[in-house]
>>> print(open('start-v9.csv').read())   # CSV, C-alpha atoms
chain,number,residue,atom,x,y,z
I,208,MET,CA,124.8,80.9,109.3
I,209,ASP,CA,124.1,77.2,109.4
I,210,ARG,CA,122.0,75.4,106.9
I,211,ALA,CA,119.8,73.3,109.2
I,212,GLU,CA,116.5,72.7,107.3
I,213,GLU,CA,114.4,72.2,110.4
I,214,ASN,CA,115.0,75.6,112.0
I,215,GLY,CA,114.9,77.7,108.8
I,216,PHE,CA,111.6,79.2,109.7
I,217,LEU,CA,112.5,80.1,113.2
I,218,ARG,CA,115.8,81.6,112.2
I,219,GLY,CA,113.9,83.6,109.6
I,220,CYS,CA,111.6,84.9,112.4
I,221,ARG,CA,114.5,85.9,114.5
I,222,ASP,CA,116.4,87.7,111.6
I,223,GLY,CA,113.1,89.3,110.6
I,224,VAL,CA,112.8,91.3,113.9
I,225,PRO,CA,114.9,94.3,112.8
I,226,ILE,CA,113.0,94.3,109.5
I,227,MET,CA,109.7,94.3,111.4
I,228,LEU,CA,110.7,97.3,113.5
I,229,GLY,CA,112.0,99.2,110.6
I,230,TYR,CA,108.9,98.3,108.5
I,231,PHE,CA,106.6,99.4,111.4
I,232,ALA,CA,108.1,102.9,111.3
I,233,VAL,CA,108.0,103.3,107.5
I,234,ALA,CA,104.6,101.7,107.2
I,235,PHE,CA,103.3,104.2,109.8
I,236,THR,CA,104.2,107.1,107.5
I,237,LEU,CA,102.7,105.2,104.6
I,238,GLY,CA,99.5,104.8,106.6
I,239,ILE,CA,99.3,108.6,106.9
I,240,ALA,CA,99.6,108.9,103.1
I,241,ALA,CA,96.8,106.3,102.8
I,242,ARG,CA,94.6,108.3,105.1
I,243,ASN,CA,95.2,111.4,103.0
I,244,ALA,CA,94.1,109.4,100.0
I,245,GLY,CA,90.8,108.6,101.7
I,246,ILE,CA,91.7,104.9,102.2
I,247,THR,CA,90.3,103.1,105.2
I,248,ALA,CA,92.5,101.3,107.8
I,249,LEU,CA,91.3,97.9,106.6
I,250,GLN,CA,91.9,98.7,102.9
I,251,ALA,CA,95.4,100.0,103.7
I,252,GLY,CA,96.1,97.0,105.8
I,253,VAL,CA,95.1,94.6,103.0
I,254,ALA,CA,97.1,96.6,100.5
I,255,SER,CA,100.2,96.4,102.7
I,256,LEU,CA,99.9,92.7,103.4
I,257,LEU,CA,99.5,91.9,99.6
I,258,ASN,CA,102.0,94.4,98.3
I,259,MET,CA,104.8,94.7,100.9
I,260,ALA,CA,106.3,97.5,98.9
I,261,SER,CA,106.9,101.0,100.2
I,262,ALA,CA,107.5,102.9,97.0
I,263,GLY,CA,105.0,100.8,95.1
I,264,GLU,CA,102.2,101.3,97.6
I,265,TYR,CA,103.0,105.0,97.9
I,266,ALA,CA,102.7,105.4,94.2
I,267,GLY,CA,99.5,103.4,94.1
I,268,PHE,CA,97.9,105.4,96.9
I,269,LYS,CA,98.7,108.6,95.0
I,270,VAL,CA,96.9,107.3,92.0
I,271,ILE,CA,94.0,106.2,94.1
I,272,GLU,CA,93.9,109.7,95.7
I,273,GLU,CA,93.4,111.2,92.2
I,274,ARG,CA,91.0,108.4,91.3
I,275,ALA,CA,92.9,108.0,88.0
I,276,GLY,CA,92.4,104.9,85.9
I,277,LEU,CA,93.2,101.3,86.7
I,278,ILE,CA,95.7,101.2,83.8
I,279,GLN,CA,97.6,104.0,85.5
I,280,VAL,CA,97.7,102.3,88.8
I,281,ALA,CA,99.0,99.1,87.1
I,282,LEU,CA,101.8,101.1,85.3
I,283,MET,CA,102.8,103.0,88.4
I,284,THR,CA,103.0,99.8,90.4
I,285,LEU,CA,105.0,98.2,87.6
I,286,VAL,CA,107.6,100.9,87.4
I,287,ALA,CA,107.9,101.4,91.2
I,288,ASN,CA,108.4,97.7,91.7
I,289,ALA,CA,110.3,96.6,88.6
I,290,ARG,CA,113.5,96.1,90.6
I,291,TYR,CA,111.8,93.1,92.2
I,292,LEU,CA,112.0,91.4,88.8
I,293,LEU,CA,115.8,91.6,89.0
I,294,MET,CA,115.8,90.5,92.6
I,295,SER,CA,113.6,87.5,91.8
I,296,CYS,CA,116.0,86.5,88.9
I,297,ALA,CA,118.9,86.7,91.3
I,298,LEU,CA,117.0,84.7,93.9
I,299,SER,CA,116.1,82.0,91.4
I,300,GLN,CA,119.8,81.2,91.3
I,301,LYS,CA,119.9,80.9,95.0
I,302,LEU,CA,117.3,78.1,95.1
I,303,ARG,CA,118.1,74.4,94.7
I,304,GLU,CA,117.2,73.2,91.2
I,305,GLU,CA,114.7,70.7,92.6
I,306,THR,CA,112.8,73.3,94.7
I,307,PRO,CA,109.1,72.5,94.0
I,308,MET,CA,106.8,75.0,92.3
I,309,ARG,CA,104.7,75.6,95.4
I,310,HIS,CA,107.8,76.9,97.2
I,311,ARG,CA,108.7,79.1,94.2
I,312,LEU,CA,105.2,80.5,94.1
I,313,ALA,CA,105.1,81.2,97.8
I,314,LEU,CA,108.6,82.7,97.9
I,315,GLY,CA,107.5,85.1,95.2
I,316,MET,CA,105.3,86.8,97.9
I,317,THR,CA,108.4,87.5,100.0
I,318,VAL,CA,110.6,89.4,97.6
I,319,THR,CA,111.1,92.9,99.2
I,320,ASP,CA,114.3,94.9,99.4
I,321,GLU,CA,115.0,93.8,102.9
I,322,ILE,CA,113.9,90.2,102.8
I,323,PHE,CA,115.8,89.8,99.5
I,324,GLY,CA,118.9,91.3,101.1
I,325,LEU,CA,118.8,88.7,103.9
I,326,CYS,CA,117.9,85.7,101.6
I,327,ILE,CA,120.6,86.4,99.1
I,328,GLY,CA,123.1,86.8,101.9
I,329,VAL,CA,122.8,83.3,103.3
I,330,ASP,CA,125.7,80.9,102.7
I,331,GLY,CA,124.9,78.2,100.2
I,332,PRO,CA,121.4,77.5,98.7
I,333,LEU,CA,118.4,79.2,100.2
I,334,ASN,CA,115.9,77.3,102.3
I,335,PRO,CA,112.5,78.9,101.4
I,336,ARG,CA,111.3,78.5,105.0
I,337,TYR,CA,113.9,81.0,106.0
I,338,GLY,CA,112.2,83.5,103.7
I,339,TYR,CA,108.8,82.6,105.1
I,340,GLY,CA,110.0,83.2,108.6
I,341,ILE,CA,111.3,86.7,107.8
I,342,PHE,CA,108.1,87.4,105.8
I,343,THR,CA,105.8,86.3,108.7
I,344,VAL,CA,107.4,88.6,111.2
I,345,SER,CA,108.0,91.6,109.0
I,346,ALA,CA,104.6,91.4,107.3
I,347,PHE,CA,103.1,91.8,110.7
I,348,GLY,CA,105.0,95.0,111.4
I,349,TRP,CA,104.3,96.3,107.9
I,350,THR,CA,100.6,95.7,108.0
I,351,LEU,CA,100.0,96.8,111.5
I,352,GLY,CA,102.2,99.9,111.0
I,353,THR,CA,100.1,100.9,107.9
I,354,MET,CA,96.8,100.4,109.7
I,355,LEU,CA,98.0,102.3,112.8
I,356,GLY,CA,99.2,105.1,110.6
I,357,VAL,CA,95.7,105.4,109.1
I,358,VAL,CA,94.0,105.3,112.5
I,359,VAL,CA,96.2,107.5,114.8
I,360,GLY,CA,97.9,109.7,112.2
I,361,ASN,CA,100.6,111.9,113.6
I,362,ILE,CA,100.8,111.0,117.3
I,363,LEU,CA,104.2,109.2,117.2
I,364,PRO,CA,106.9,111.8,118.1
I,365,ALA,CA,108.7,113.0,115.1
I,366,ARG,CA,112.0,112.3,116.8
I,367,LEU,CA,111.1,108.6,117.1
I,368,VAL,CA,109.9,108.4,113.5
I,369,SER,CA,113.1,110.0,112.3
I,370,ALA,CA,115.3,107.5,114.3
I,371,LEU,CA,113.3,104.4,113.2
I,372,SER,CA,113.4,105.4,109.6
I,373,VAL,CA,117.2,104.6,109.3
I,374,GLY,CA,116.7,101.1,110.6
I,375,LEU,CA,116.0,99.9,107.1
I,376,PHE,CA,119.2,101.4,105.8
I,377,GLY,CA,121.2,99.8,108.6
I,378,MET,CA,119.9,96.5,107.4
I,379,PHE,CA,120.9,97.3,103.8
I,380,LEU,CA,124.4,98.1,105.0
I,381,ALA,CA,124.7,94.9,107.1
I,382,ALA,CA,123.7,93.0,103.9
I,383,ILE,CA,126.3,94.5,101.6
I,384,VAL,CA,129.3,95.7,103.7
I,385,PRO,CA,130.7,92.4,104.8
I,386,LYS,CA,131.0,91.2,101.2
I,387,ALA,CA,132.7,94.5,100.3
I,388,ARG,CA,135.3,93.7,102.9
I,389,GLN,CA,136.1,90.4,101.3
I,390,ASP,CA,135.8,91.3,97.6
I,391,ARG,CA,137.5,94.4,96.3
I,392,VAL,CA,135.4,94.5,93.1
I,393,VAL,CA,132.2,94.6,95.3
I,394,LEU,CA,133.7,97.3,97.4
I,395,VAL,CA,134.5,99.6,94.5
I,396,LEU,CA,131.2,98.8,92.9
I,397,ILE,CA,129.2,99.7,96.0
I,398,LEU,CA,131.1,103.0,96.3
I,399,LEU,CA,130.6,103.7,92.7
I,400,ALA,CA,126.9,102.8,93.0
I,401,MET,CA,126.4,105.2,95.9
I,402,GLY,CA,128.3,108.0,94.0
I,403,CYS,CA,126.2,107.5,90.8
I,404,SER,CA,123.0,107.3,92.9
I,405,TRP,CA,123.8,110.7,94.4
I,406,LEU,CA,124.7,112.2,91.0
I,407,ALA,CA,121.5,110.8,89.5
I,408,SER,CA,119.4,112.3,92.3
I,409,VAL,CA,120.7,115.8,91.6
I,410,MET,CA,121.4,115.8,87.8
I,411,GLU,CA,118.8,116.0,85.0
I,412,PRO,CA,117.4,114.1,83.2
I,413,LEU,CA,117.7,111.3,85.8
I,414,ALA,CA,116.7,113.5,88.7
I,415,SER,CA,113.2,114.0,87.4
I,416,LEU,CA,112.5,110.3,87.1
I,417,SER,CA,110.9,108.3,89.9
I,418,SER,CA,113.3,106.9,92.5
I,419,GLY,CA,112.2,103.4,91.5
I,420,MET,CA,113.1,104.1,87.9
I,421,ARG,CA,116.5,105.4,88.9
I,422,VAL,CA,117.2,102.3,90.9
I,423,ILE,CA,116.4,100.1,87.9
I,424,ILE,CA,118.6,102.1,85.5
I,425,LEU,CA,121.6,102.3,87.7
I,426,THR,CA,121.3,98.7,88.8
I,427,VAL,CA,121.2,97.4,85.3
I,428,ALA,CA,124.0,99.7,84.0
I,429,LEU,CA,126.4,99.2,86.8
I,430,SER,CA,125.9,95.5,87.3
I,431,ALA,CA,126.2,94.9,83.5
I,432,ALA,CA,129.4,96.9,83.4
I,433,ALA,CA,130.9,95.0,86.4
I,434,ALA,CA,129.8,91.7,84.9
I,435,ALA,CA,131.5,92.5,81.6
I,436,LEU,CA,134.7,93.8,83.2
I,437,PHE,CA,135.0,91.5,86.2
I,438,PRO,CA,133.1,88.2,85.6
I,439,VAL,CA,132.9,86.2,88.7
I,440,LYS,CA,135.0,83.0,89.0
I,441,GLU,CA,133.5,79.7,89.6
I,442,GLU,CA,134.5,79.5,93.3
I,443,GLN,CA,133.1,83.0,93.9
I,444,ASP,CA,129.7,81.8,92.7
I,445,GLU,CA,127.4,81.4,95.7
I,446,ARG,CA,126.1,78.0,94.6
Y,203,MET,CA,83.9,104.8,96.2
Y,204,ASN,CA,84.8,102.0,98.5
Y,205,ASP,CA,84.4,99.2,96.0
Y,206,ASN,CA,86.5,101.2,93.6
Y,207,VAL,CA,89.4,101.4,96.1
Y,208,TRP,CA,89.3,97.6,96.5
Y,209,LEU,CA,89.7,97.2,92.8
Y,210,TYR,CA,92.7,99.5,92.8
Y,211,ILE,CA,94.3,97.5,95.6
Y,212,LEU,CA,93.6,94.3,93.7
Y,213,VAL,CA,95.3,95.6,90.6
Y,214,MET,CA,98.3,96.7,92.6
Y,215,ALA,CA,98.6,93.4,94.4
Y,216,LEU,CA,98.4,91.4,91.1
Y,217,VAL,CA,101.0,93.4,89.3
Y,218,THR,CA,103.4,93.3,92.2
Y,219,TYR,CA,103.0,89.5,92.6
Y,220,VAL,CA,103.5,88.7,89.0
Y,221,ILE,CA,106.7,90.8,88.9
Y,222,ARG,CA,108.0,88.9,92.0
Y,223,ALA,CA,107.0,85.4,91.2
Y,224,LEU,CA,107.6,85.2,87.4
Y,225,PRO,CA,111.4,84.8,87.4
Y,226,LEU,CA,111.4,82.5,90.4
Y,227,THR,CA,109.0,80.1,88.7
Y,228,LEU,CA,110.3,80.4,85.1
Y,229,ILE,CA,114.0,80.2,85.8
Y,230,ARG,CA,114.4,76.7,87.2
Y,231,ARG,CA,118.0,75.8,86.4
Y,232,PRO,CA,121.3,77.4,87.2
Y,233,ILE,CA,122.1,79.9,84.6
Y,234,LYS,CA,125.2,78.8,82.7
Y,235,ASN,CA,126.1,82.0,80.9
Y,236,ARG,CA,129.0,83.6,82.7
Y,237,PHE,CA,128.0,87.2,82.0
Y,238,LEU,CA,124.4,86.7,83.2
Y,239,ARG,CA,125.6,84.9,86.3
Y,240,SER,CA,128.0,87.7,87.1
Y,241,PHE,CA,125.3,90.2,86.4
Y,242,LEU,CA,123.0,88.6,88.9
Y,243,PHE,CA,125.8,88.3,91.4
Y,244,TYR,CA,126.4,92.0,91.4
Y,245,VAL,CA,122.7,93.1,91.2
Y,246,PRO,CA,121.9,93.0,95.0
Y,247,TYR,CA,125.0,95.0,96.0
Y,248,VAL,CA,124.3,97.7,93.5
Y,249,THR,CA,120.5,97.9,94.2
Y,250,LEU,CA,121.0,98.1,98.0
Y,251,ALA,CA,123.8,100.6,97.7
Y,252,VAL,CA,121.8,102.8,95.3
Y,253,MET,CA,118.8,102.7,97.6
Y,254,THR,CA,120.8,103.5,100.7
Y,255,PHE,CA,122.7,106.5,99.4
Y,256,PRO,CA,121.8,109.4,99.3
Y,257,ASP,CA,118.3,108.4,100.7
Y,258,ILE,CA,119.6,107.8,104.2
Y,259,LEU,CA,120.6,111.5,104.3
Y,260,HIS,CA,117.0,112.6,103.7
Y,261,ALA,CA,115.2,110.0,105.8
Y,262,THR,CA,115.9,111.7,109.1
Y,263,ASN,CA,115.2,115.2,110.4
Y,264,SER,CA,118.7,116.3,109.7
Y,265,VAL,CA,121.2,115.4,107.0
Y,266,TRP,CA,123.9,115.2,109.7
Y,267,SER,CA,122.2,112.6,111.8
Y,268,GLY,CA,121.6,110.5,108.6
Y,269,LEU,CA,125.3,110.8,107.8
Y,270,LEU,CA,126.3,109.8,111.3
Y,271,ALA,CA,124.0,106.8,111.0
Y,272,LEU,CA,125.6,105.8,107.7
Y,273,ILE,CA,129.1,106.0,109.2
Y,274,ALA,CA,128.1,104.0,112.3
Y,275,GLY,CA,126.3,101.4,110.1
Y,276,VAL,CA,129.3,101.0,107.8
Y,277,ALA,CA,131.7,100.7,110.6
Y,278,LEU,CA,129.7,98.1,112.5
Y,279,ALA,CA,128.8,96.1,109.5
Y,280,TRP,CA,132.5,96.1,108.5
Y,281,SER,CA,133.5,94.8,111.8
Y,282,GLY,CA,131.1,91.9,111.4
Y,283,GLN,CA,128.2,92.9,113.7
Y,284,SER,CA,124.8,91.2,113.2
Y,285,LEU,CA,122.0,92.7,111.3
Y,286,LEU,CA,120.0,93.6,114.4
Y,287,THR,CA,123.0,95.3,116.0
Y,288,VAL,CA,123.8,97.4,112.9
Y,289,SER,CA,120.2,98.4,112.5
Y,290,VAL,CA,119.5,99.3,116.1
Y,291,ALA,CA,122.8,101.2,116.3
Y,292,CYS,CA,121.8,103.3,113.3
Y,293,CYS,CA,118.5,104.2,114.9
Y,294,ALA,CA,120.2,105.0,118.2
Y,295,THR,CA,122.8,107.2,116.5
Y,296,VAL,CA,120.0,109.3,115.0
Y,297,LEU,CA,118.0,109.4,118.2
Y,298,ILE,CA,121.0,110.5,120.3
Y,299,SER,CA,122.6,112.9,117.7
Y,300,GLU,CA,119.3,114.7,117.1
Y,301,PHE,CA,119.3,115.8,120.7
Y,302,PHE,CA,122.4,117.8,120.0
Y,303,LEU,CA,121.8,118.9,116.4
>>> encode(input="start-v9.csv", output="structure tokens")
Amino acid sequence: MDRAEENGFLRGCRDGVPIMLGYFAVAFTLGIAARNAGITALQAGVASLLNMASAGEYAGFKVIEERAGLIQVALMTLVANARYLLMSCALSQKLREETPMRHRLALGMTVTDEIFGLCIGVDGPLNPRYGYGIFTVSAFGWTLGTMLGVVVGNILPARLVSALSVGLFGMFLAAIVPKARQDRVVLVLILLAMGCSWLASVMEPLASLSSGMRVIILTVALSAAAAALFPVKEEQDER
Amino acid sequence: MNDNVWLYILVMALVTYVIRALPLTLIRRPIKNRFLRSFLFYVPYVTLAVMTFPDILHATNSVWSGLLALIAGVALAWSGQSLLTVSVACCATVLISEFFL
């Protein structure tokens, strides 16, 4: 990828297209959950635009459905989205030091799993406009998908929903696999992470935690172990 | 009840935004500590790997179509295909394989 400043936004829009398609499918199912919670299409659309978080929104909608307290919705959102705190830390190292505050505040809106995956993968420092481009396109798919899910419910063929739902995982793979090919530590780490993730999803006590919580625990534990055993060399550093 | 729902949505949005924006705005310099830098270097790979597997197996109508999509995705990403190609190929793998499964 080149670093041209002027086309950062457009390049982001282009790279955001697969995210938009994947988001559309996932958001559609999220919209169905929102409808079950008695949330209107407009409310669900606003929630999606402002949150851009599948697990976080799903958890929030569940709390709304039960009309539990605001404290509980805050806590659920915090746990389901806590991984974004780590991603935001990592992303802060990808920005040029002189990046102004307004860009930092705006880029904060765009930290989702997929957009983060793309932003952290660019060569060299990150041009915030690239993130805005991805966000603009993918937020469109996410918001529209949620609203349509509320309105039309179950009319999309199950076959199509099934196929579209792996689009997100395809993006995850495209973000991590090329590095694994270059770097043996990353390769082993990814395999280990997938193995541990599977174990944690079937073995107590981790299996009874929320999936967001499992992601946090495994990410912190495995990344810390890798950092202690295989600290990155200067030239490996992305900056 | 409608006003109430807006309040819930507002709380969700605020919590989510603070989580996302705080580190980006507070950490303004390159981190010097080697351990922390290495930790943050590894975080995205672990997070995305953990979120992909085993979830990809349960996202589709059949575990097998999910597994095929995983294999196709890894193979294409390994050979350096673009994000869109990998993503669309995973979807196509599921769509086609579920006609046979």
>>> atom_distance(input="start-v9.csv", atom1="atom CA of Y:Ser281", atom2="atom CA of I:Val373")
19.2 Å
>>> residues_around(input="start-v9.csv", residues="Y:Leu272", least_positions_apart="4", cutoff="10 Å", atoms="all atoms listed in the file", output="short mmCIF file (atom, residue, chain, number, x, y, z; two decimals) with C-alpha atoms, keeping the file's coordinate frame")
data_model
loop_
_atom_site.label_atom_id
_atom_site.label_comp_id
_atom_site.auth_asym_id
_atom_site.auth_seq_id
_atom_site.Cartn_x
_atom_site.Cartn_y
_atom_site.Cartn_z
CA VAL I 373 117.20 104.60 109.30
CA PHE I 376 119.20 101.40 105.80
CA GLY I 377 121.20 99.80 108.60
CA LEU I 380 124.40 98.10 105.00
CA THR Y 254 120.80 103.50 100.70
CA PHE Y 255 122.70 106.50 99.40
CA PRO Y 256 121.80 109.40 99.30
CA ILE Y 258 119.60 107.80 104.20
CA LEU Y 259 120.60 111.50 104.30
CA TRP Y 266 123.90 115.20 109.70
CA SER Y 267 122.20 112.60 111.80
CA GLY Y 268 121.60 110.50 108.60
CA VAL Y 276 129.30 101.00 107.80
CA ALA Y 277 131.70 100.70 110.60
CA LEU Y 278 129.70 98.10 112.50
CA CYS Y 292 121.80 103.30 113.30
CA THR Y 295 122.80 107.20 116.50
CA VAL Y 296 120.00 109.30 115.00
#
>>> atom_distance(input="start-v9.csv", atom1="atom CA of I:Val357", atom2="atom CA of I:Val253")
12.4 Å
>>> interface_residues(input="start-v9.csv", of="chain I", to="chain Y", cutoff="6 Å", atoms="only C-alpha atoms", output="ChimeraX atom specification")
/I:225,254,257-258,291-292,295-297,299-300,304,311-312,315,369-371,373-374,376-379,381,383-385,397,400-401,404-405,426,430-431,434,438-439
>>> write_last_selection(input="start-v9.csv", atoms="C-alpha atoms", output="PDB file, in the frame of the given file")
ATOM      1  CA  PRO I 225     114.900  94.300 112.800  1.00  0.00           C
ATOM      2  CA  ALA I 254      97.100  96.600 100.500  1.00  0.00           C
ATOM      3  CA  LEU I 257      99.500  91.900  99.600  1.00  0.00           C
ATOM      4  CA  ASN I 258     102.000  94.400  98.300  1.00  0.00           C
ATOM      5  CA  TYR I 291     111.800  93.100  92.200  1.00  0.00           C
ATOM      6  CA  LEU I 292     112.000  91.400  88.800  1.00  0.00           C
ATOM      7  CA  SER I 295     113.600  87.500  91.800  1.00  0.00           C
ATOM      8  CA  CYS I 296     116.000  86.500  88.900  1.00  0.00           C
ATOM      9  CA  ALA I 297     118.900  86.700  91.300  1.00  0.00           C
ATOM     10  CA  SER I 299     116.100  82.000  91.400  1.00  0.00           C
ATOM     11  CA  GLN I 300     119.800  81.200  91.300  1.00  0.00           C
ATOM     12  CA  GLU I 304     117.200  73.200  91.200  1.00  0.00           C
ATOM     13  CA  ARG I 311     108.700  79.100  94.200  1.00  0.00           C
ATOM     14  CA  LEU I 312     105.200  80.500  94.100  1.00  0.00           C
ATOM     15  CA  GLY I 315     107.500  85.100  95.200  1.00  0.00           C
ATOM     16  CA  SER I 369     113.100 110.000 112.300  1.00  0.00           C
ATOM     17  CA  ALA I 370     115.300 107.500 114.300  1.00  0.00           C
ATOM     18  CA  LEU I 371     113.300 104.400 113.200  1.00  0.00           C
ATOM     19  CA  VAL I 373     117.200 104.600 109.300  1.00  0.00           C
ATOM     20  CA  GLY I 374     116.700 101.100 110.600  1.00  0.00           C
ATOM     21  CA  PHE I 376     119.200 101.400 105.800  1.00  0.00           C
ATOM     22  CA  GLY I 377     121.200  99.800 108.600  1.00  0.00           C
ATOM     23  CA  MET I 378     119.900  96.500 107.400  1.00  0.00           C
ATOM     24  CA  PHE I 379     120.900  97.300 103.800  1.00  0.00           C
ATOM     25  CA  ALA I 381     124.700  94.900 107.100  1.00  0.00           C
ATOM     26  CA  ILE I 383     126.300  94.500 101.600  1.00  0.00           C
ATOM     27  CA  VAL I 384     129.300  95.700 103.700  1.00  0.00           C
ATOM     28  CA  PRO I 385     130.700  92.400 104.800  1.00  0.00           C
ATOM     29  CA  ILE I 397     129.200  99.700  96.000  1.00  0.00           C
ATOM     30  CA  ALA I 400     126.900 102.800  93.000  1.00  0.00           C
ATOM     31  CA  MET I 401     126.400 105.200  95.900  1.00  0.00           C
ATOM     32  CA  SER I 404     123.000 107.300  92.900  1.00  0.00           C
ATOM     33  CA  TRP I 405     123.800 110.700  94.400  1.00  0.00           C
ATOM     34  CA  THR I 426     121.300  98.700  88.800  1.00  0.00           C
ATOM     35  CA  SER I 430     125.900  95.500  87.300  1.00  0.00           C
ATOM     36  CA  ALA I 431     126.200  94.900  83.500  1.00  0.00           C
ATOM     37  CA  ALA I 434     129.800  91.700  84.900  1.00  0.00           C
ATOM     38  CA  PRO I 438     133.100  88.200  85.600  1.00  0.00           C
ATOM     39  CA  VAL I 439     132.900  86.200  88.700  1.00  0.00           C
TER      40      VAL I 439
END
>>> atom_distance(input="start-v9.csv", atom1="atom CA of I:Gly263", atom2="atom CA of I:Leu282")
10.3 Å
>>> closest_residue(input="start-v9.csv", among="I:Ala346, I:Cys403, I:Ile271, I:Leu237", to="I:Met316", atoms="all atoms listed in the file")
I:Ala346
>>> closest_residue(input="start-v9.csv", among="I:Cys326, I:Val359, I:Ile341, I:Leu351", to="I:Asp222", atoms="all atoms listed in the file")
I:Ile341
>>> closest_residue(input="start-v9.csv", among="I:Asn288, I:Thr236, I:Asn243, I:Ser417", to="I:Gly352", atoms="all atoms listed in the file")
I:Thr236
